[in-house]
Amino acid sequence: MRVLLPAIILLGAVVANVWTWPEIRQNYHPLKPHYGSALSDFNLSFKKGTDRSWYAYAHIKKYYPGWRFLSFSQEVAWASKMYDFNYGGIQKPHILNYDPELTATEADNLLTNSHVTADLGRLGGKVIIIKPGLNAADKTVVLLRHKSLHFFAPKAVVPDRYSGL
Amino acid sequence: MEFIAVIIAFMLGWGCLRVFLIQSDVHTIGMFAFPAGMTIWVLSVIVTLILHIPYSPWVPLSLCMVGIGILNRWVGQRPRRLEILHLVLWCGVMVLISAIAQHYDLTVLTTDTLFILSMGEQFAQHGGFHDGLKAVFASFSSYLAFVQMAAYSLNVEYFKSVLPLSASSTVLLMVWLGRRLLLHFGQNNLVVVWGLPILGAAVLVSSYPYFWGAFYMKTAPVYGLMIFVACVGAVLASVEREPRWLVITSLALLATISMRLEAGLTSLPILVAIFSIATIDINVRIRLIGPISLAFGGWYAFIIIMTFARGMFGVYELFAIGVLPGIFGVAVCTLVLSERMRTSLSMNRAVMLLPWLMVVCLSGFIVAYGLTHQETAFKSLAQYGCYLGNPSLGATFFWAAAVALVLSAPFLTDRFPGETTFVFSIVGFLLVLAAIGVLTPWKHCGTHDSTNRILAHIMPTVIFYIVIKYGCSRKPNKILI
């Protein structure tokens, strides 16, 4: 009795647990094989964000590893304002005093470059990440703005007036 | 590359544990070597950060290797052929489990885990703290971030097999140490000696919250393992009169420091329970529990200093969490000063009463807070009831079986040596959880509520206690295995 009772109860618990797995699984984040892509799958699923966009985070990390990062304000340079958290891969932002406003033509010109876009509610618009060329000599990325669009642009493609930064 | 990290962690763990336990149980070393090595790495990273040494993977690795080398040179024995055979065997088992986990990559990620992974990555990238890390450091536990710093250095996106390996170690240790304790307590029926621990492990693994947690990129399976190992190590040290077992207890307790931000509270009952084990020499207990408790206090002081008024947790909350184990550590360490106090009968009685005092204080707090904040407290406790009572959330059958067996135990079983360590650790943990619960107005019934998820941390210890409670014979076996 001393051993039989726990054996029966424990065995019953195992059977009941396994029996109800299909129903229980519905209430948890899916547990399915990712074959090495869990992180990228997850990042790509967060194209929009109120405080942060992991989609933007992943692309900035991918395109600007170790790059110098220039911004006109710390506020817009945070990956997450809620946690005062920087973007990864790229260097910490250097905050400089420059006018980030692009003209409509300059913004259109930048958008002709290959880029990815993410919605970011905190900035009230979109984050545009311009893909750098394969052999970019100046590994500096500049944060610029046109209305509600925020551009992460390699220095090689930004208007000439930013060349002194 | 992840295999290299697993092998290095395993070797670090083996190198440390073999010094103390090679004559006691080589298989326990094999099963615990990987989590132990991971912990040694994390502690070295913490030392590196506290000393503001610019991070490079070689700094903590050198720290680990020099420490373990000195330990082996001074205290350890030369490895024999059989030990090397066991080392290769167990390392192979861990690599195989890692390979399976990497192949299936069942990792579960949420936005919280992305912060944890990115925190580790940025620590490694920037060589330590910078302004953009402070709020995250004060909002999320950092154990996995410190582990993942090695992934960044090895150019791996993140380690996928760390958590499944920890859960596997838990299951293996549960069966192996269960067998060891049951034999020690005089159970000679081999079906019981092996069957009951295997059944207990099966209940644990089949409980979906635990199984799912073994793949969710947070610390649930590691924390669960460490609480379980801390308790079992202390009980083994007590019943086998072999203080060397306390080395796994020390490592396990130190590991929990950075595993959860509320770890100062949830680990305190285990510190108190272990400190009150009368069969371990008071001097040994002081030397073990005093520094570990102070380390908790020091760690929270470090978090507050580095992140003052940043992050999701307020300064006062962090201070309150850290100060309790810190004060306990100071109180324990003061006993070193006076031999008369250490050896006095009344002091020993007072130490024995500490766990009871803890239970009374925690219960008193819950009742007092519940009476003064009735709406919040009752709503929170009702949410626990909702979570545990709804079979489709996965915790019902585990806890129903546990409660049924615990309530039947007084009629069917006798007390076994070291039982109070398990009982006070479990009861203290559950009371701390209830206290956190009643303080949390946003607590909900769902599977992702953190106070519900934390319940999975104590599950290995609960089921192991039940297995030993019912499996042990009435006549303790004097012959050690």
# chains A, B, ... in the order shown; residues from 1 in each chain; ligands from 1
call {"tool": "residues_around", "arguments": {"residues": "Val75 of chain B", "least_positions_apart": "6", "cutoff": "12 Å", "atoms": "only C-alpha atoms", "output": "PyMOL selection string"}}
result
chain B and resi 15-22+67-69
call {"tool": "residues_around", "arguments": {"residues": "segment 240-244 of chain B", "least_positions_apart": "5", "cutoff": "9 Å", "atoms": "only C-alpha atoms", "output": "list in words"}}
result
Phe20, Leu21, Ser24, His184, Gly233, Ala234, Val235, Thr279, Ile280, Asp281, Val284 and Leu480 of chain B
call {"tool": "write_last_selection", "arguments": {"atoms": "N, CA and C atoms", "output": "PDB file, in the first residue's frame"}}
result
ATOM      1  N   PHE B  20      35.877  17.293  -5.299  1.00  0.00           N
ATOM      2  CA  PHE B  20      35.173  17.003  -4.045  1.00  0.00           C
ATOM      3  C   PHE B  20      34.435  15.656  -4.073  1.00  0.00           C
ATOM      4  N   LEU B  21      33.931  15.283  -5.255  1.00  0.00           N
ATOM      5  CA  LEU B  21      32.974  14.176  -5.274  1.00  0.00           C
ATOM      6  C   LEU B  21      33.453  12.926  -5.995  1.00  0.00           C
ATOM      7  N   SER B  24      32.909   9.938  -4.119  1.00  0.00           N
ATOM      8  CA  SER B  24      31.545   9.704  -3.651  1.00  0.00           C
ATOM      9  C   SER B  24      30.651   9.162  -4.765  1.00  0.00           C
ATOM     10  N   HIS B 184      19.908   4.208   0.559  1.00  0.00           N
ATOM     11  CA  HIS B 184      20.453   4.617   1.851  1.00  0.00           C
ATOM     12  C   HIS B 184      19.402   4.491   2.957  1.00  0.00           C
ATOM     13  N   GLY B 233      21.605  17.961  -2.231  1.00  0.00           N
ATOM     14  CA  GLY B 233      22.999  18.003  -1.795  1.00  0.00           C
ATOM     15  C   GLY B 233      23.084  18.158  -0.283  1.00  0.00           C
ATOM     16  N   ALA B 234      22.247  19.042   0.258  1.00  0.00           N
ATOM     17  CA  ALA B 234      22.267  19.268   1.708  1.00  0.00           C
ATOM     18  C   ALA B 234      21.780  18.032   2.455  1.00  0.00           C
ATOM     19  N   VAL B 235      20.741  17.388   1.927  1.00  0.00           N
ATOM     20  CA  VAL B 235      20.217  16.193   2.595  1.00  0.00           C
ATOM     21  C   VAL B 235      21.251  15.058   2.536  1.00  0.00           C
ATOM     22  N   THR B 279      22.223  18.172  11.750  1.00  0.00           N
ATOM     23  CA  THR B 279      23.220  17.097  11.660  1.00  0.00           C
ATOM     24  C   THR B 279      24.488  17.521  10.906  1.00  0.00           C
ATOM     25  N   ILE B 280      24.477  18.736  10.323  1.00  0.00           N
ATOM     26  CA  ILE B 280      25.710  19.255   9.712  1.00  0.00           C
ATOM     27  C   ILE B 280      26.341  20.213  10.716  1.00  0.00           C
ATOM     28  N   ASP B 281      27.649  20.096  10.881  1.00  0.00           N
ATOM     29  CA  ASP B 281      28.377  20.924  11.844  1.00  0.00           C
ATOM     30  C   ASP B 281      28.043  22.413  11.639  1.00  0.00           C
ATOM     31  N   VAL B 284      30.405  24.427   9.529  1.00  0.00           N
ATOM     32  CA  VAL B 284      30.274  24.177   8.084  1.00  0.00           C
ATOM     33  C   VAL B 284      29.083  24.969   7.540  1.00  0.00           C
ATOM     34  N   LEU B 480      26.494   2.292   3.067  1.00  0.00           N
ATOM     35  CA  LEU B 480      26.382   3.292   1.997  1.00  0.00           C
ATOM     36  C   LEU B 480      26.685   2.643   0.664  1.00  0.00           C
TER      37      LEU B 480
END
call {"tool": "interface_residues", "arguments": {"of": "chain B", "to": "chain A", "cutoff": "6 Å", "atoms": "only C-alpha atoms", "output": "list in words"}}
result
Tyr104, Asp105, Leu106, Gly132, Leu133, Ala135, Val136, Val203, Ser206, Ser207, Ser392, Leu393, Gly394, Phe397, Leu412 and Tyr470 of chain B
call {"tool": "residues_around", "arguments": {"residues": "Gly124 of chain A", "least_positions_apart": "6", "cutoff": "10 Å", "atoms": "only C-alpha atoms", "output": "number ranges by chain"}}
result
A: 50, 147-150
call {"tool": "residues_around", "arguments": {"residues": "Met65 of chain B", "least_positions_apart": "4", "cutoff": "12 Å", "atoms": "only C-alpha atoms", "output": "list of chain:residue names"}}
result
B:Ile8, B:Ala9, B:Met11, B:Leu12, B:Gly13, B:Trp14, B:Gly15, B:Cys16, B:Gly37, B:Ile40, B:Trp41, B:Ser44, B:Trp58, B:Val59, B:Pro60, B:Leu61, B:Gly69, B:Ile70, B:Leu71, B:Asn72, B:Arg73
call {"tool": "select_by_dssp", "arguments": {"residues": "segment 47-119 of chain A", "states": "strand (DSSP E)", "output": "list in words"}}
result
Lys48, Gly49, Arg68, Phe69, Leu70, Ser71, Pro93, His94, Ile95, His115, Val116, Thr117, Ala118 and Asp119 of chain A
call {"tool": "decode", "arguments": {"residues": "segment 89-131 of chain B", "atoms": "N, CA and C atoms", "output": "PDB file, in the first residue's frame"}}
result
ATOM      1  N   LEU B  89      32.287   9.214 -21.430  1.00  0.00           N
ATOM      2  CA  LEU B  89      30.937   8.673 -21.567  1.00  0.00           C
ATOM      3  C   LEU B  89      29.890   9.758 -21.319  1.00  0.00           C
ATOM      4  N   TRP B  90      30.013  10.455 -20.182  1.00  0.00           N
ATOM      5  CA  TRP B  90      29.004  11.451 -19.829  1.00  0.00           C
ATOM      6  C   TRP B  90      29.063  12.677 -20.734  1.00  0.00           C
ATOM      7  N   CYS B  91      30.274  13.028 -21.142  1.00  0.00           N
ATOM      8  CA  CYS B  91      30.400  14.150 -22.077  1.00  0.00           C
ATOM      9  C   CYS B  91      29.700  13.782 -23.390  1.00  0.00           C
ATOM     10  N   GLY B  92      29.875  12.526 -23.810  1.00  0.00           N
ATOM     11  CA  GLY B  92      29.211  12.041 -25.024  1.00  0.00           C
ATOM     12  C   GLY B  92      27.696  12.099 -24.889  1.00  0.00           C
ATOM     13  N   VAL B  93      27.190  11.715 -23.709  1.00  0.00           N
ATOM     14  CA  VAL B  93      25.729  11.754 -23.487  1.00  0.00           C
ATOM     15  C   VAL B  93      25.225  13.191 -23.621  1.00  0.00           C
ATOM     16  N   MET B  94      25.938  14.123 -22.998  1.00  0.00           N
ATOM     17  CA  MET B  94      25.505  15.530 -23.039  1.00  0.00           C
ATOM     18  C   MET B  94      25.583  16.089 -24.467  1.00  0.00           C
ATOM     19  N   VAL B  95      26.630  15.727 -25.183  1.00  0.00           N
ATOM     20  CA  VAL B  95      26.760  16.198 -26.573  1.00  0.00           C
ATOM     21  C   VAL B  95      25.629  15.619 -27.420  1.00  0.00           C
ATOM     22  N   LEU B  96      25.279  14.366 -27.161  1.00  0.00           N
ATOM     23  CA  LEU B  96      24.188  13.734 -27.920  1.00  0.00           C
ATOM     24  C   LEU B  96      22.856  14.449 -27.646  1.00  0.00           C
ATOM     25  N   ILE B  97      22.589  14.729 -26.362  1.00  0.00           N
ATOM     26  CA  ILE B  97      21.345  15.446 -26.025  1.00  0.00           C
ATOM     27  C   ILE B  97      21.364  16.825 -26.685  1.00  0.00           C
ATOM     28  N   SER B  98      22.527  17.467 -26.631  1.00  0.00           N
ATOM     29  CA  SER B  98      22.654  18.790 -27.258  1.00  0.00           C
ATOM     30  C   SER B  98      22.388  18.701 -28.758  1.00  0.00           C
ATOM     31  N   ALA B  99      22.911  17.649 -29.399  1.00  0.00           N
ATOM     32  CA  ALA B  99      22.720  17.485 -30.851  1.00  0.00           C
ATOM     33  C   ALA B  99      21.238  17.341 -31.174  1.00  0.00           C
ATOM     34  N   ILE B 100      20.538  16.533 -30.357  1.00  0.00           N
ATOM     35  CA  ILE B 100      19.101  16.330 -30.604  1.00  0.00           C
ATOM     36  C   ILE B 100      18.364  17.659 -30.431  1.00  0.00           C
ATOM     37  N   ALA B 101      18.702  18.374 -29.337  1.00  0.00           N
ATOM     38  CA  ALA B 101      18.028  19.658 -29.069  1.00  0.00           C
ATOM     39  C   ALA B 101      18.312  20.665 -30.174  1.00  0.00           C
ATOM     40  N   GLN B 102      19.556  20.682 -30.652  1.00  0.00           N
ATOM     41  CA  GLN B 102      19.894  21.623 -31.736  1.00  0.00           C
ATOM     42  C   GLN B 102      19.188  21.248 -33.025  1.00  0.00           C
ATOM     43  N   HIS B 103      19.103  19.954 -33.284  1.00  0.00           N
ATOM     44  CA  HIS B 103      18.478  19.520 -34.538  1.00  0.00           C
ATOM     45  C   HIS B 103      16.998  19.917 -34.567  1.00  0.00           C
ATOM     46  N   TYR B 104      16.293  19.622 -33.460  1.00  0.00           N
ATOM     47  CA  TYR B 104      14.856  19.913 -33.468  1.00  0.00           C
ATOM     48  C   TYR B 104      14.561  21.371 -33.168  1.00  0.00           C
ATOM     49  N   ASP B 105      15.484  22.053 -32.501  1.00  0.00           N
ATOM     50  CA  ASP B 105      15.354  23.485 -32.216  1.00  0.00           C
ATOM     51  C   ASP B 105      13.924  23.876 -31.864  1.00  0.00           C
ATOM     52  N   LEU B 106      13.467  23.351 -30.715  1.00  0.00           N
ATOM     53  CA  LEU B 106      12.096  23.635 -30.295  1.00  0.00           C
ATOM     54  C   LEU B 106      12.019  24.919 -29.458  1.00  0.00           C
ATOM     55  N   THR B 107      13.013  25.800 -29.625  1.00  0.00           N
ATOM     56  CA  THR B 107      13.077  27.001 -28.796  1.00  0.00           C
ATOM     57  C   THR B 107      11.779  27.809 -28.865  1.00  0.00           C
ATOM     58  N   VAL B 108      11.323  28.244 -27.685  1.00  0.00           N
ATOM     59  CA  VAL B 108      10.186  29.175 -27.633  1.00  0.00           C
ATOM     60  C   VAL B 108      10.739  30.544 -27.253  1.00  0.00           C
ATOM     61  N   LEU B 109      10.421  31.542 -28.053  1.00  0.00           N
ATOM     62  CA  LEU B 109      10.892  32.905 -27.767  1.00  0.00           C
ATOM     63  C   LEU B 109       9.701  33.837 -27.579  1.00  0.00           C
ATOM     64  N   THR B 110       9.879  34.804 -26.703  1.00  0.00           N
ATOM     65  CA  THR B 110       8.908  35.897 -26.579  1.00  0.00           C
ATOM     66  C   THR B 110       9.722  37.194 -26.610  1.00  0.00           C
ATOM     67  N   THR B 111       9.028  38.332 -26.545  1.00  0.00           N
ATOM     68  CA  THR B 111       9.782  39.588 -26.602  1.00  0.00           C
ATOM     69  C   THR B 111      10.701  39.723 -25.375  1.00  0.00           C
ATOM     70  N   ASP B 112      10.276  39.181 -24.236  1.00  0.00           N
ATOM     71  CA  ASP B 112      11.140  39.217 -23.042  1.00  0.00           C
ATOM     72  C   ASP B 112      12.455  38.499 -23.313  1.00  0.00           C
ATOM     73  N   THR B 113      12.353  37.344 -23.972  1.00  0.00           N
ATOM     74  CA  THR B 113      13.575  36.571 -24.206  1.00  0.00           C
ATOM     75  C   THR B 113      14.477  37.270 -25.218  1.00  0.00           C
ATOM     76  N   LEU B 114      13.874  38.039 -26.133  1.00  0.00           N
ATOM     77  CA  LEU B 114      14.715  38.789 -27.063  1.00  0.00           C
ATOM     78  C   LEU B 114      15.539  39.824 -26.316  1.00  0.00           C
ATOM     79  N   PHE B 115      14.929  40.444 -25.301  1.00  0.00           N
ATOM     80  CA  PHE B 115      15.703  41.392 -24.482  1.00  0.00           C
ATOM     81  C   PHE B 115      16.858  40.668 -23.790  1.00  0.00           C
ATOM     82  N   ILE B 116      16.574  39.464 -23.266  1.00  0.00           N
ATOM     83  CA  ILE B 116      17.618  38.711 -22.549  1.00  0.00           C
ATOM     84  C   ILE B 116      18.749  38.337 -23.503  1.00  0.00           C
ATOM     85  N   LEU B 117      18.388  37.800 -24.679  1.00  0.00           N
ATOM     86  CA  LEU B 117      19.413  37.413 -25.656  1.00  0.00           C
ATOM     87  C   LEU B 117      20.205  38.639 -26.113  1.00  0.00           C
ATOM     88  N   SER B 118      19.490  39.747 -26.382  1.00  0.00           N
ATOM     89  CA  SER B 118      20.164  40.955 -26.868  1.00  0.00           C
ATOM     90  C   SER B 118      21.038  41.569 -25.780  1.00  0.00           C
ATOM     91  N   MET B 119      20.588  41.439 -24.515  1.00  0.00           N
ATOM     92  CA  MET B 119      21.390  41.974 -23.407  1.00  0.00           C
ATOM     93  C   MET B 119      22.752  41.273 -23.377  1.00  0.00           C
ATOM     94  N   GLY B 120      22.740  39.936 -23.497  1.00  0.00           N
ATOM     95  CA  GLY B 120      23.994  39.179 -23.512  1.00  0.00           C
ATOM     96  C   GLY B 120      24.871  39.592 -24.683  1.00  0.00           C
ATOM     97  N   GLU B 121      24.212  39.722 -25.834  1.00  0.00           N
ATOM     98  CA  GLU B 121      24.941  40.085 -27.047  1.00  0.00           C
ATOM     99  C   GLU B 121      25.604  41.460 -26.893  1.00  0.00           C
ATOM    100  N   GLN B 122      24.858  42.405 -26.311  1.00  0.00           N
ATOM    101  CA  GLN B 122      25.415  43.764 -26.181  1.00  0.00           C
ATOM    102  C   GLN B 122      26.481  43.859 -25.093  1.00  0.00           C
ATOM    103  N   PHE B 123      26.322  43.072 -24.024  1.00  0.00           N
ATOM    104  CA  PHE B 123      27.395  43.009 -23.013  1.00  0.00           C
ATOM    105  C   PHE B 123      28.694  42.567 -23.681  1.00  0.00           C
ATOM    106  N   ALA B 124      28.579  41.500 -24.497  1.00  0.00           N
ATOM    107  CA  ALA B 124      29.774  40.963 -25.156  1.00  0.00           C
ATOM    108  C   ALA B 124      30.311  41.953 -26.190  1.00  0.00           C
ATOM    109  N   GLN B 125      29.393  42.564 -26.940  1.00  0.00           N
ATOM    110  CA  GLN B 125      29.808  43.478 -28.011  1.00  0.00           C
ATOM    111  C   GLN B 125      30.542  44.701 -27.465  1.00  0.00           C
ATOM    112  N   HIS B 126      29.987  45.269 -26.370  1.00  0.00           N
ATOM    113  CA  HIS B 126      30.552  46.510 -25.842  1.00  0.00           C
ATOM    114  C   HIS B 126      31.572  46.269 -24.730  1.00  0.00           C
ATOM    115  N   GLY B 127      31.795  45.020 -24.364  1.00  0.00           N
ATOM    116  CA  GLY B 127      32.813  44.700 -23.364  1.00  0.00           C
ATOM    117  C   GLY B 127      32.399  45.029 -21.943  1.00  0.00           C
ATOM    118  N   GLY B 128      31.111  45.198 -21.709  1.00  0.00           N
ATOM    119  CA  GLY B 128      30.631  45.476 -20.348  1.00  0.00           C
ATOM    120  C   GLY B 128      29.412  46.368 -20.380  1.00  0.00           C
ATOM    121  N   PHE B 129      29.225  47.117 -19.304  1.00  0.00           N
ATOM    122  CA  PHE B 129      28.041  47.982 -19.191  1.00  0.00           C
ATOM    123  C   PHE B 129      28.123  49.189 -20.103  1.00  0.00           C
ATOM    124  N   HIS B 130      26.998  49.635 -20.603  1.00  0.00           N
ATOM    125  CA  HIS B 130      26.902  50.970 -21.178  1.00  0.00           C
ATOM    126  C   HIS B 130      25.489  51.467 -20.881  1.00  0.00           C
ATOM    127  N   ASP B 131      25.254  52.709 -21.133  1.00  0.00           N
ATOM    128  CA  ASP B 131      24.007  53.334 -20.705  1.00  0.00           C
ATOM    129  C   ASP B 131      22.763  52.632 -21.252  1.00  0.00           C
TER     130      ASP B 131
END
